[in-house]
file my_file-v4.txt (compact mmCIF, N, CA and C atoms)
# COMPACT_ATOMS: atom_id res chain seq x y z
N GLN A 1 14.45 56.21 -12.63
CA GLN A 1 15.00 54.97 -13.15
C GLN A 1 13.91 54.19 -13.86
N VAL A 2 14.27 53.61 -15.00
CA VAL A 2 13.33 52.84 -15.80
C VAL A 2 13.80 51.40 -15.85
N ARG A 3 12.88 50.48 -15.70
CA ARG A 3 13.20 49.06 -15.80
C ARG A 3 12.33 48.45 -16.89
N LEU A 4 12.98 47.67 -17.77
CA LEU A 4 12.29 47.02 -18.87
C LEU A 4 12.40 45.51 -18.70
N VAL A 5 11.27 44.83 -18.84
CA VAL A 5 11.26 43.38 -18.68
C VAL A 5 10.59 42.76 -19.90
N GLU A 6 11.36 41.92 -20.60
CA GLU A 6 10.84 41.25 -21.79
C GLU A 6 10.26 39.89 -21.44
N SER A 7 9.38 39.42 -22.32
CA SER A 7 8.84 38.07 -22.20
C SER A 7 8.42 37.60 -23.58
N GLY A 8 8.26 36.28 -23.72
CA GLY A 8 7.72 35.74 -24.96
C GLY A 8 8.69 35.03 -25.87
N GLY A 9 9.96 35.01 -25.51
CA GLY A 9 10.91 34.30 -26.36
C GLY A 9 10.73 32.79 -26.25
N GLY A 10 11.47 32.06 -27.10
CA GLY A 10 11.38 30.61 -27.04
C GLY A 10 11.87 29.97 -28.32
N LEU A 11 11.53 28.70 -28.47
CA LEU A 11 11.92 27.91 -29.62
C LEU A 11 10.73 27.77 -30.56
N VAL A 12 10.97 28.00 -31.85
CA VAL A 12 9.89 27.90 -32.83
C VAL A 12 10.47 27.33 -34.12
N GLN A 13 9.65 26.65 -34.88
CA GLN A 13 10.10 26.09 -36.15
C GLN A 13 10.10 27.16 -37.24
N PRO A 14 10.92 26.99 -38.26
CA PRO A 14 10.88 27.94 -39.39
C PRO A 14 9.47 28.06 -39.95
N GLY A 15 9.08 29.32 -40.23
CA GLY A 15 7.73 29.59 -40.69
C GLY A 15 6.75 29.88 -39.59
N GLY A 16 7.16 29.66 -38.36
CA GLY A 16 6.28 29.87 -37.22
C GLY A 16 6.23 31.32 -36.77
N SER A 17 5.52 31.55 -35.66
CA SER A 17 5.31 32.89 -35.13
C SER A 17 5.60 32.94 -33.64
N LEU A 18 6.01 34.11 -33.19
CA LEU A 18 6.19 34.40 -31.77
C LEU A 18 5.84 35.85 -31.55
N THR A 19 5.39 36.15 -30.34
CA THR A 19 5.16 37.54 -29.95
C THR A 19 5.98 37.86 -28.72
N LEU A 20 6.80 38.88 -28.82
CA LEU A 20 7.58 39.37 -27.69
C LEU A 20 6.87 40.57 -27.07
N SER A 21 6.96 40.65 -25.75
CA SER A 21 6.38 41.78 -25.04
C SER A 21 7.42 42.37 -24.11
N CYS A 22 7.26 43.66 -23.86
CA CYS A 22 8.17 44.37 -22.95
C CYS A 22 7.35 45.33 -22.13
N ALA A 23 7.50 45.23 -20.82
CA ALA A 23 6.78 46.11 -19.90
C ALA A 23 7.77 47.02 -19.20
N ALA A 24 7.42 48.29 -19.12
CA ALA A 24 8.27 49.29 -18.48
C ALA A 24 7.71 49.66 -17.13
N SER A 25 8.60 49.83 -16.18
CA SER A 25 8.21 50.34 -14.87
C SER A 25 9.17 51.46 -14.49
N GLY A 26 8.73 52.27 -13.54
CA GLY A 26 9.57 53.37 -13.11
C GLY A 26 9.04 54.71 -13.58
N ASP A 27 9.91 55.68 -13.53
CA ASP A 27 9.55 57.06 -13.85
C ASP A 27 9.58 57.25 -15.36
N ILE A 28 8.45 57.03 -16.00
CA ILE A 28 8.41 57.12 -17.45
C ILE A 28 7.13 57.80 -17.90
N THR A 29 7.29 58.75 -18.80
CA THR A 29 6.16 59.40 -19.47
C THR A 29 6.18 58.91 -20.91
N PRO A 30 5.24 58.06 -21.31
CA PRO A 30 5.31 57.39 -22.62
C PRO A 30 5.51 58.35 -23.79
N SER A 31 4.95 59.54 -23.72
CA SER A 31 5.04 60.45 -24.86
C SER A 31 6.47 60.90 -25.15
N THR A 32 7.35 60.74 -24.18
CA THR A 32 8.73 61.19 -24.36
C THR A 32 9.65 60.10 -24.87
N TYR A 33 9.13 58.88 -25.05
CA TYR A 33 10.00 57.76 -25.38
C TYR A 33 9.74 57.16 -26.75
N ILE A 34 10.81 56.88 -27.45
CA ILE A 34 10.78 56.03 -28.63
C ILE A 34 11.04 54.61 -28.13
N MET A 35 10.15 53.70 -28.48
CA MET A 35 10.28 52.31 -28.04
C MET A 35 10.74 51.47 -29.21
N GLY A 36 11.49 50.44 -28.90
CA GLY A 36 11.99 49.62 -30.00
C GLY A 36 12.49 48.26 -29.56
N TRP A 37 12.88 47.50 -30.57
CA TRP A 37 13.47 46.19 -30.38
C TRP A 37 14.76 46.10 -31.18
N TYR A 38 15.77 45.53 -30.54
CA TYR A 38 17.03 45.21 -31.18
C TYR A 38 17.26 43.71 -31.02
N ARG A 39 18.22 43.21 -31.77
CA ARG A 39 18.57 41.79 -31.59
C ARG A 39 20.06 41.60 -31.78
N GLN A 40 20.56 40.52 -31.19
CA GLN A 40 21.97 40.18 -31.33
C GLN A 40 22.10 38.71 -31.65
N PRO A 41 22.30 38.41 -32.94
CA PRO A 41 22.52 37.02 -33.33
C PRO A 41 23.87 36.53 -32.81
N PRO A 42 24.11 35.26 -32.76
CA PRO A 42 25.39 34.74 -32.28
C PRO A 42 26.56 35.27 -33.11
N GLY A 43 27.55 35.83 -32.43
CA GLY A 43 28.75 36.31 -33.09
C GLY A 43 28.57 37.57 -33.90
N VAL A 44 27.45 38.25 -33.72
CA VAL A 44 27.15 39.45 -34.51
C VAL A 44 26.86 40.60 -33.57
N GLN A 45 27.12 41.82 -34.02
CA GLN A 45 26.81 42.99 -33.20
C GLN A 45 25.29 43.16 -33.09
N ARG A 46 24.88 43.83 -32.04
CA ARG A 46 23.47 44.13 -31.85
C ARG A 46 22.97 45.00 -33.00
N GLU A 47 21.76 44.68 -33.49
CA GLU A 47 21.22 45.40 -34.63
C GLU A 47 19.77 45.81 -34.38
N LEU A 48 19.38 46.90 -35.01
CA LEU A 48 18.03 47.41 -34.88
C LEU A 48 17.06 46.50 -35.61
N VAL A 49 15.93 46.22 -34.95
CA VAL A 49 14.85 45.46 -35.60
C VAL A 49 13.72 46.40 -35.98
N ALA A 50 13.22 47.17 -35.01
CA ALA A 50 12.09 48.06 -35.28
C ALA A 50 11.97 49.08 -34.17
N THR A 51 11.41 50.25 -34.51
CA THR A 51 11.10 51.26 -33.52
C THR A 51 9.71 51.79 -33.77
N ILE A 52 9.12 52.37 -32.71
CA ILE A 52 7.80 52.97 -32.82
C ILE A 52 7.76 54.24 -31.97
N GLN A 53 7.30 55.31 -32.58
CA GLN A 53 7.20 56.60 -31.91
C GLN A 53 5.89 56.68 -31.13
N PHE A 54 5.78 57.71 -30.31
CA PHE A 54 4.53 57.95 -29.59
C PHE A 54 3.38 58.17 -30.56
N THR A 55 3.67 58.74 -31.72
CA THR A 55 2.67 58.97 -32.77
C THR A 55 2.29 57.68 -33.49
N ARG A 56 2.97 56.60 -33.17
CA ARG A 56 2.79 55.27 -33.77
C ARG A 56 3.48 55.15 -35.13
N ALA A 57 4.25 56.13 -35.49
CA ALA A 57 5.09 55.99 -36.66
C ALA A 57 6.12 54.90 -36.40
N THR A 58 6.33 54.04 -37.38
CA THR A 58 7.21 52.89 -37.21
C THR A 58 8.37 52.91 -38.19
N ASN A 59 9.40 52.19 -37.81
CA ASN A 59 10.57 52.02 -38.66
C ASN A 59 11.04 50.58 -38.51
N TYR A 60 11.29 49.90 -39.63
CA TYR A 60 11.69 48.50 -39.60
C TYR A 60 13.00 48.29 -40.35
N ALA A 61 13.80 47.36 -39.85
CA ALA A 61 14.96 46.92 -40.61
C ALA A 61 14.46 46.18 -41.85
N ASP A 62 15.20 46.27 -42.93
CA ASP A 62 14.78 45.65 -44.19
C ASP A 62 14.55 44.15 -44.02
N PHE A 63 15.35 43.52 -43.18
CA PHE A 63 15.27 42.06 -43.09
C PHE A 63 14.03 41.56 -42.35
N VAL A 64 13.22 42.47 -41.77
CA VAL A 64 11.98 42.03 -41.10
C VAL A 64 10.73 42.65 -41.71
N LYS A 65 10.90 43.54 -42.66
CA LYS A 65 9.73 44.20 -43.26
C LYS A 65 8.78 43.18 -43.86
N GLY A 66 7.51 43.35 -43.55
CA GLY A 66 6.50 42.44 -44.05
C GLY A 66 6.31 41.20 -43.20
N ARG A 67 7.21 40.97 -42.24
CA ARG A 67 7.10 39.78 -41.38
C ARG A 67 6.86 40.13 -39.92
N PHE A 68 7.48 41.22 -39.45
CA PHE A 68 7.37 41.62 -38.05
C PHE A 68 6.50 42.87 -37.94
N THR A 69 5.80 42.98 -36.80
CA THR A 69 4.99 44.16 -36.53
C THR A 69 5.25 44.63 -35.10
N ILE A 70 5.63 45.89 -34.96
CA ILE A 70 5.83 46.47 -33.64
C ILE A 70 4.61 47.28 -33.26
N ASP A 71 4.27 47.26 -31.98
CA ASP A 71 3.13 48.02 -31.50
C ASP A 71 3.41 48.47 -30.07
N ARG A 72 2.70 49.48 -29.63
CA ARG A 72 2.89 49.97 -28.27
C ARG A 72 1.55 50.31 -27.66
N ASP A 73 1.50 50.16 -26.35
CA ASP A 73 0.32 50.55 -25.57
C ASP A 73 0.82 51.58 -24.56
N ASN A 74 0.53 52.84 -24.82
CA ASN A 74 1.08 53.90 -23.97
C ASN A 74 0.49 53.88 -22.58
N ALA A 75 -0.78 53.53 -22.48
CA ALA A 75 -1.42 53.49 -21.16
C ALA A 75 -0.79 52.41 -20.28
N ARG A 76 -0.46 51.28 -20.88
CA ARG A 76 0.13 50.17 -20.12
C ARG A 76 1.65 50.21 -20.13
N ARG A 77 2.22 51.14 -20.92
CA ARG A 77 3.68 51.30 -21.02
C ARG A 77 4.33 49.99 -21.48
N THR A 78 3.77 49.44 -22.52
CA THR A 78 4.31 48.22 -23.08
C THR A 78 4.58 48.38 -24.57
N VAL A 79 5.51 47.57 -25.06
CA VAL A 79 5.79 47.49 -26.49
C VAL A 79 5.87 46.02 -26.85
N SER A 80 5.36 45.69 -28.01
CA SER A 80 5.34 44.29 -28.43
C SER A 80 5.95 44.14 -29.82
N LEU A 81 6.34 42.92 -30.13
CA LEU A 81 6.87 42.61 -31.46
C LEU A 81 6.26 41.30 -31.90
N GLN A 82 5.36 41.38 -32.88
CA GLN A 82 4.76 40.20 -33.47
C GLN A 82 5.66 39.74 -34.61
N MET A 83 6.14 38.50 -34.51
CA MET A 83 7.09 37.98 -35.49
C MET A 83 6.45 36.80 -36.22
N ASN A 84 6.25 36.95 -37.51
CA ASN A 84 5.68 35.91 -38.35
C ASN A 84 6.70 35.44 -39.38
N SER A 85 6.41 34.29 -39.97
CA SER A 85 7.29 33.73 -41.01
C SER A 85 8.74 33.71 -40.56
N LEU A 86 8.95 33.24 -39.37
CA LEU A 86 10.30 33.26 -38.80
C LEU A 86 11.26 32.38 -39.59
N LYS A 87 12.50 32.85 -39.67
CA LYS A 87 13.56 32.16 -40.39
C LYS A 87 14.66 31.76 -39.41
N VAL A 88 15.45 30.78 -39.81
CA VAL A 88 16.56 30.35 -38.95
C VAL A 88 17.45 31.54 -38.61
N GLU A 89 17.65 32.43 -39.58
CA GLU A 89 18.54 33.58 -39.35
C GLU A 89 17.94 34.63 -38.42
N ASP A 90 16.69 34.46 -37.99
CA ASP A 90 16.11 35.34 -36.98
C ASP A 90 16.53 34.93 -35.57
N THR A 91 17.21 33.82 -35.45
CA THR A 91 17.69 33.36 -34.14
C THR A 91 18.62 34.42 -33.54
N ALA A 92 18.29 34.85 -32.31
CA ALA A 92 19.04 35.92 -31.67
C ALA A 92 18.50 36.15 -30.27
N VAL A 93 19.24 36.93 -29.50
CA VAL A 93 18.69 37.48 -28.26
C VAL A 93 18.04 38.81 -28.63
N TYR A 94 16.79 38.97 -28.28
CA TYR A 94 16.04 40.18 -28.61
C TYR A 94 15.95 41.08 -27.37
N TYR A 95 16.23 42.35 -27.59
CA TYR A 95 16.27 43.32 -26.50
C TYR A 95 15.23 44.42 -26.71
N CYS A 96 14.53 44.72 -25.67
CA CYS A 96 13.63 45.88 -25.65
C CYS A 96 14.48 47.12 -25.38
N HIS A 97 14.10 48.23 -25.99
CA HIS A 97 14.90 49.45 -25.89
C HIS A 97 13.99 50.65 -25.83
N PHE A 98 14.21 51.53 -24.86
CA PHE A 98 13.50 52.80 -24.76
C PHE A 98 14.53 53.92 -24.85
N ARG A 99 14.20 54.94 -25.60
CA ARG A 99 15.07 56.12 -25.67
C ARG A 99 14.24 57.39 -25.50
N ASN A 100 14.70 58.23 -24.60
CA ASN A 100 14.06 59.52 -24.39
C ASN A 100 14.39 60.41 -25.59
N ARG A 101 13.38 60.86 -26.29
CA ARG A 101 13.62 61.59 -27.53
C ARG A 101 14.12 63.00 -27.31
N TYR A 102 14.13 63.47 -26.07
CA TYR A 102 14.65 64.80 -25.77
C TYR A 102 16.09 64.74 -25.25
N THR A 103 16.35 63.76 -24.39
CA THR A 103 17.67 63.68 -23.76
C THR A 103 18.56 62.60 -24.38
N ASN A 104 17.97 61.72 -25.19
CA ASN A 104 18.66 60.55 -25.75
C ASN A 104 19.10 59.53 -24.71
N ARG A 105 18.69 59.70 -23.48
CA ARG A 105 19.01 58.68 -22.49
C ARG A 105 18.25 57.42 -22.87
N GLU A 106 18.90 56.28 -22.68
CA GLU A 106 18.29 55.04 -23.13
C GLU A 106 18.38 53.95 -22.06
N TRP A 107 17.44 53.01 -22.18
CA TRP A 107 17.39 51.86 -21.29
C TRP A 107 17.21 50.59 -22.11
N TRP A 108 17.75 49.52 -21.60
CA TRP A 108 17.68 48.22 -22.25
C TRP A 108 17.04 47.19 -21.33
N GLY A 109 16.30 46.26 -21.92
CA GLY A 109 15.86 45.11 -21.17
C GLY A 109 16.98 44.09 -21.05
N GLN A 110 16.70 43.01 -20.36
CA GLN A 110 17.73 42.00 -20.11
C GLN A 110 17.91 41.06 -21.29
N GLY A 111 16.99 41.07 -22.22
CA GLY A 111 17.07 40.22 -23.40
C GLY A 111 16.28 38.94 -23.25
N THR A 112 15.73 38.47 -24.37
CA THR A 112 15.01 37.21 -24.39
C THR A 112 15.44 36.42 -25.62
N GLN A 113 15.71 35.14 -25.43
CA GLN A 113 16.24 34.32 -26.52
C GLN A 113 15.12 33.86 -27.45
N VAL A 114 15.34 34.04 -28.74
CA VAL A 114 14.46 33.49 -29.77
C VAL A 114 15.29 32.54 -30.62
N THR A 115 14.87 31.29 -30.68
CA THR A 115 15.58 30.29 -31.47
C THR A 115 14.63 29.73 -32.52
N VAL A 116 15.04 29.83 -33.78
CA VAL A 116 14.25 29.29 -34.88
C VAL A 116 15.00 28.09 -35.44
N SER A 117 14.42 26.93 -35.26
CA SER A 117 15.11 25.70 -35.66
C SER A 117 14.09 24.60 -35.92
N ALA A 118 14.45 23.76 -36.88
CA ALA A 118 13.59 22.60 -37.16
C ALA A 118 13.90 21.46 -36.18

call {"tool": "encode", "arguments": {"input": "my_file-v4.txt", "output": "structure tokens"}}
result
Amino acid sequence: QVRLVESGGGLVQPGGSLTLSCAASGDITPSTYIMGWYRQPPGVQRELVATIQFTRATNYADFVKGRFTIDRDNARRTVSLQMNSLKVEDTAVYYCHFRNRYTNREWWGQGTQVTVSA
């Protein structure tokens, strides 16, 4: 069983920055997992923000390219999301996501609220 716990959400003004972190516990071998972040804005379906492979190859949604940076620490089993130049439309609940690249089994964190408002 894998447990994911996010931290770092909060209220920030437009143009500001936040860093989200996610720590994994349980039976996990980092090399087998693709780590990522999703978000769910109000009234909208959950959407992919970014993913990072064990090789550190990354993939970003178009709406965050150039503003957000995903990173992972395999030894500490953590994944982070540095968010810069935040916009009001970035307001959402952000979820940490791990997927086993062999079995496709996946785990979700409980979510952390990010609110961008003046």

call {"tool": "atom_distance", "arguments": {"input": "my_file-v4.txt", "atom1": "atom N of Tyr38 in chain A", "atom2": "CA of Gln13 in chain A"}}
result
21.0 Å

call {"tool": "atom_distance", "arguments": {"input": "my_file-v4.txt", "atom1": "atom C of Thr69 in chain A", "atom2": "atom C of Ala118 in chain A"}}
result
24.8 Å

call {"tool": "residues_around", "arguments": {"input": "my_file-v4.txt", "residues": "range 102-115 of chain A", "least_positions_apart": "4", "cutoff": "7 Å", "atoms": "only C-alpha atoms", "output": "short mmCIF file (atom, residue, chain, number, x, y, z; two decimals) with N, CA and C atoms, in the coordinates of the input"}}
result
data_model
loop_
_atom_site.label_atom_id
_atom_site.label_comp_id
_atom_site.auth_asym_id
_atom_site.auth_seq_id
_atom_site.Cartn_x
_atom_site.Cartn_y
_atom_site.Cartn_z
N VAL A 2 14.27 53.61 -15.00
CA VAL A 2 13.33 52.84 -15.80
C VAL A 2 13.80 51.40 -15.85
N LEU A 4 12.98 47.67 -17.77
CA LEU A 4 12.29 47.02 -18.87
C LEU A 4 12.40 45.51 -18.70
N VAL A 5 11.27 44.83 -18.84
CA VAL A 5 11.26 43.38 -18.68
C VAL A 5 10.59 42.76 -19.90
N GLU A 6 11.36 41.92 -20.60
CA GLU A 6 10.84 41.25 -21.79
C GLU A 6 10.26 39.89 -21.44
N SER A 7 9.38 39.42 -22.32
CA SER A 7 8.84 38.07 -22.20
C SER A 7 8.42 37.60 -23.58
N GLY A 9 9.96 35.01 -25.51
CA GLY A 9 10.91 34.30 -26.36
C GLY A 9 10.73 32.79 -26.25
N GLY A 10 11.47 32.06 -27.10
CA GLY A 10 11.38 30.61 -27.04
C GLY A 10 11.87 29.97 -28.32
N LEU A 11 11.53 28.70 -28.47
CA LEU A 11 11.92 27.91 -29.62
C LEU A 11 10.73 27.77 -30.56
N VAL A 12 10.97 28.00 -31.85
CA VAL A 12 9.89 27.90 -32.83
C VAL A 12 10.47 27.33 -34.12
N THR A 91 17.21 33.82 -35.45
CA THR A 91 17.69 33.36 -34.14
C THR A 91 18.62 34.42 -33.54
N ALA A 92 18.29 34.85 -32.31
CA ALA A 92 19.04 35.92 -31.67
C ALA A 92 18.50 36.15 -30.27
N VAL A 93 19.24 36.93 -29.50
CA VAL A 93 18.69 37.48 -28.26
C VAL A 93 18.04 38.81 -28.63
N TYR A 94 16.79 38.97 -28.28
CA TYR A 94 16.04 40.18 -28.61
C TYR A 94 15.95 41.08 -27.37
N TYR A 95 16.23 42.35 -27.59
CA TYR A 95 16.27 43.32 -26.50
C TYR A 95 15.23 44.42 -26.71
N CYS A 96 14.53 44.72 -25.67
CA CYS A 96 13.63 45.88 -25.65
C CYS A 96 14.48 47.12 -25.38
N HIS A 97 14.10 48.23 -25.99
CA HIS A 97 14.90 49.45 -25.89
C HIS A 97 13.99 50.65 -25.83
N PHE A 98 14.21 51.53 -24.86
CA PHE A 98 13.50 52.80 -24.76
C PHE A 98 14.53 53.92 -24.85
#

call {"tool": "atom_distance", "arguments": {"input": "my_file-v4.txt", "atom1": "atom N of Ser31 in chain A", "atom2": "atom N of Ile70 in chain A"}}
result
17.7 Å

call {"tool": "select_by_dssp", "arguments": {"input": "my_file-v4.txt", "residues": "chain A", "states": "strand (DSSP E)", "output": "ChimeraX atom specification"}}
result
/A:2-7,10-12,18-26,33-40,47-52,58-60,68-73,78-83,92-100,106-108,112-116

call {"tool": "decode", "arguments": {"input": "my_file-v4.txt", "residues": "range 31-42 of chain A", "atoms": "all heavy atoms", "output": "mmCIF file, in the first residue's frame"}}
result
data_model
loop_
_atom_site.group_PDB
_atom_site.id
_atom_site.type_symbol
_atom_site.label_atom_id
_atom_site.label_comp_id
_atom_site.auth_asym_id
_atom_site.auth_seq_id
_atom_site.Cartn_x
_atom_site.Cartn_y
_atom_site.Cartn_z
ATOM 1 N N SER A 31 11.949 3.667 -8.813
ATOM 2 C CA SER A 31 12.247 3.468 -10.230
ATOM 3 C C SER A 31 11.054 2.939 -11.013
ATOM 4 O O SER A 31 11.019 3.014 -12.240
ATOM 5 C CB SER A 31 13.437 2.524 -10.395
ATOM 6 O OG SER A 31 13.131 1.261 -9.853
ATOM 7 N N THR A 32 10.075 2.392 -10.315
ATOM 8 C CA THR A 32 8.920 1.816 -11.004
ATOM 9 C C THR A 32 7.760 2.793 -11.151
ATOM 10 O O THR A 32 6.747 2.461 -11.752
ATOM 11 C CB THR A 32 8.404 0.567 -10.281
ATOM 12 O OG1 THR A 32 7.934 0.939 -8.978
ATOM 13 C CG2 THR A 32 9.498 -0.470 -10.149
ATOM 14 N N TYR A 33 7.908 4.013 -10.620
ATOM 15 C CA TYR A 33 6.782 4.931 -10.588
ATOM 16 C C TYR A 33 6.988 6.184 -11.425
ATOM 17 O O TYR A 33 8.050 6.809 -11.398
ATOM 18 C CB TYR A 33 6.471 5.352 -9.145
ATOM 19 C CG TYR A 33 5.794 4.251 -8.376
ATOM 20 C CD1 TYR A 33 6.535 3.258 -7.750
ATOM 21 C CD2 TYR A 33 4.413 4.189 -8.305
ATOM 22 C CE1 TYR A 33 5.920 2.231 -7.076
ATOM 23 C CE2 TYR A 33 3.778 3.165 -7.623
ATOM 24 C CZ TYR A 33 4.534 2.196 -7.014
ATOM 25 O OH TYR A 33 3.912 1.186 -6.350
ATOM 26 N N ILE A 34 5.956 6.548 -12.146
ATOM 27 C CA ILE A 34 5.846 7.864 -12.750
ATOM 28 C C ILE A 34 5.125 8.739 -11.735
ATOM 29 O O ILE A 34 4.053 8.383 -11.250
ATOM 30 C CB ILE A 34 5.044 7.817 -14.061
ATOM 31 C CG1 ILE A 34 5.733 6.892 -15.062
ATOM 32 C CG2 ILE A 34 4.872 9.219 -14.632
ATOM 33 C CD1 ILE A 34 4.900 6.582 -16.271
ATOM 34 N N MET A 35 5.736 9.867 -11.402
ATOM 35 C CA MET A 35 5.152 10.772 -10.415
ATOM 36 C C MET A 35 4.575 11.981 -11.140
ATOM 37 O O MET A 35 5.102 12.407 -12.178
ATOM 38 C CB MET A 35 6.223 11.218 -9.419
ATOM 39 C CG MET A 35 6.875 10.075 -8.670
ATOM 40 S SD MET A 35 8.159 10.689 -7.539
ATOM 41 C CE MET A 35 8.761 9.142 -6.853
ATOM 42 N N GLY A 36 3.526 12.524 -10.575
ATOM 43 C CA GLY A 36 2.917 13.663 -11.247
ATOM 44 C C GLY A 36 1.993 14.470 -10.370
ATOM 45 O O GLY A 36 1.770 14.134 -9.200
ATOM 46 N N TRP A 37 1.490 15.534 -10.972
ATOM 47 C CA TRP A 37 0.520 16.409 -10.337
ATOM 48 C C TRP A 37 -0.652 16.615 -11.287
ATOM 49 O O TRP A 37 -0.464 16.825 -12.500
ATOM 50 C CB TRP A 37 1.145 17.769 -10.002
ATOM 51 C CG TRP A 37 2.156 17.717 -8.913
ATOM 52 C CD1 TRP A 37 3.503 17.540 -9.053
ATOM 53 C CD2 TRP A 37 1.907 17.815 -7.509
ATOM 54 N NE1 TRP A 37 4.108 17.524 -7.821
ATOM 55 C CE2 TRP A 37 3.157 17.697 -6.855
ATOM 56 C CE3 TRP A 37 0.766 18.007 -6.736
ATOM 57 C CZ2 TRP A 37 3.279 17.765 -5.462
ATOM 58 C CZ3 TRP A 37 0.890 18.076 -5.361
ATOM 59 C CH2 TRP A 37 2.130 17.951 -4.746
ATOM 60 N N TYR A 38 -1.841 16.554 -10.712
ATOM 61 C CA TYR A 38 -3.073 16.879 -11.412
ATOM 62 C C TYR A 38 -3.749 18.004 -10.628
ATOM 63 O O TYR A 38 -3.388 18.291 -9.484
ATOM 64 C CB TYR A 38 -4.011 15.674 -11.464
ATOM 65 C CG TYR A 38 -3.600 14.603 -12.444
ATOM 66 C CD1 TYR A 38 -2.471 13.817 -12.229
ATOM 67 C CD2 TYR A 38 -4.350 14.355 -13.599
ATOM 68 C CE1 TYR A 38 -2.097 12.838 -13.134
ATOM 69 C CE2 TYR A 38 -3.995 13.372 -14.497
ATOM 70 C CZ TYR A 38 -2.868 12.620 -14.263
ATOM 71 O OH TYR A 38 -2.500 11.653 -15.155
ATOM 72 N N ARG A 39 -4.738 18.608 -11.268
ATOM 73 C CA ARG A 39 -5.510 19.619 -10.539
ATOM 74 C C ARG A 39 -6.965 19.564 -10.963
ATOM 75 O O ARG A 39 -7.298 19.079 -12.052
ATOM 76 C CB ARG A 39 -4.942 21.021 -10.773
ATOM 77 C CG ARG A 39 -5.190 21.590 -12.160
ATOM 78 C CD ARG A 39 -4.489 22.939 -12.320
ATOM 79 N NE ARG A 39 -4.861 23.605 -13.555
ATOM 80 C CZ ARG A 39 -4.311 24.738 -13.970
ATOM 81 N NH1 ARG A 39 -3.358 25.334 -13.254
ATOM 82 N NH2 ARG A 39 -4.719 25.293 -15.107
ATOM 83 N N GLN A 40 -7.817 20.059 -10.077
ATOM 84 C CA GLN A 40 -9.248 20.114 -10.367
ATOM 85 C C GLN A 40 -9.778 21.485 -9.999
ATOM 86 O O GLN A 40 -10.015 21.782 -8.816
ATOM 87 C CB GLN A 40 -10.006 19.027 -9.602
ATOM 88 C CG GLN A 40 -11.459 18.935 -10.005
ATOM 89 C CD GLN A 40 -12.106 17.640 -9.550
ATOM 90 O OE1 GLN A 40 -11.594 16.944 -8.680
ATOM 91 N NE2 GLN A 40 -13.219 17.296 -10.154
ATOM 92 N N PRO A 41 -9.931 22.347 -11.011
ATOM 93 C CA PRO A 41 -10.520 23.663 -10.748
ATOM 94 C C PRO A 41 -11.994 23.516 -10.393
ATOM 95 O O PRO A 41 -12.611 22.481 -10.691
ATOM 96 C CB PRO A 41 -10.337 24.399 -12.079
ATOM 97 C CG PRO A 41 -9.305 23.629 -12.835
ATOM 98 C CD PRO A 41 -9.492 22.208 -12.397
ATOM 99 N N PRO A 42 -12.607 24.510 -9.826
ATOM 100 C CA PRO A 42 -14.027 24.434 -9.472
ATOM 101 C C PRO A 42 -14.893 24.157 -10.696
ATOM 102 O O PRO A 42 -14.771 24.828 -11.720
ATOM 103 C CB PRO A 42 -14.317 25.826 -8.890
ATOM 104 C CG PRO A 42 -12.997 26.334 -8.437
ATOM 105 C CD PRO A 42 -11.991 25.766 -9.381
#
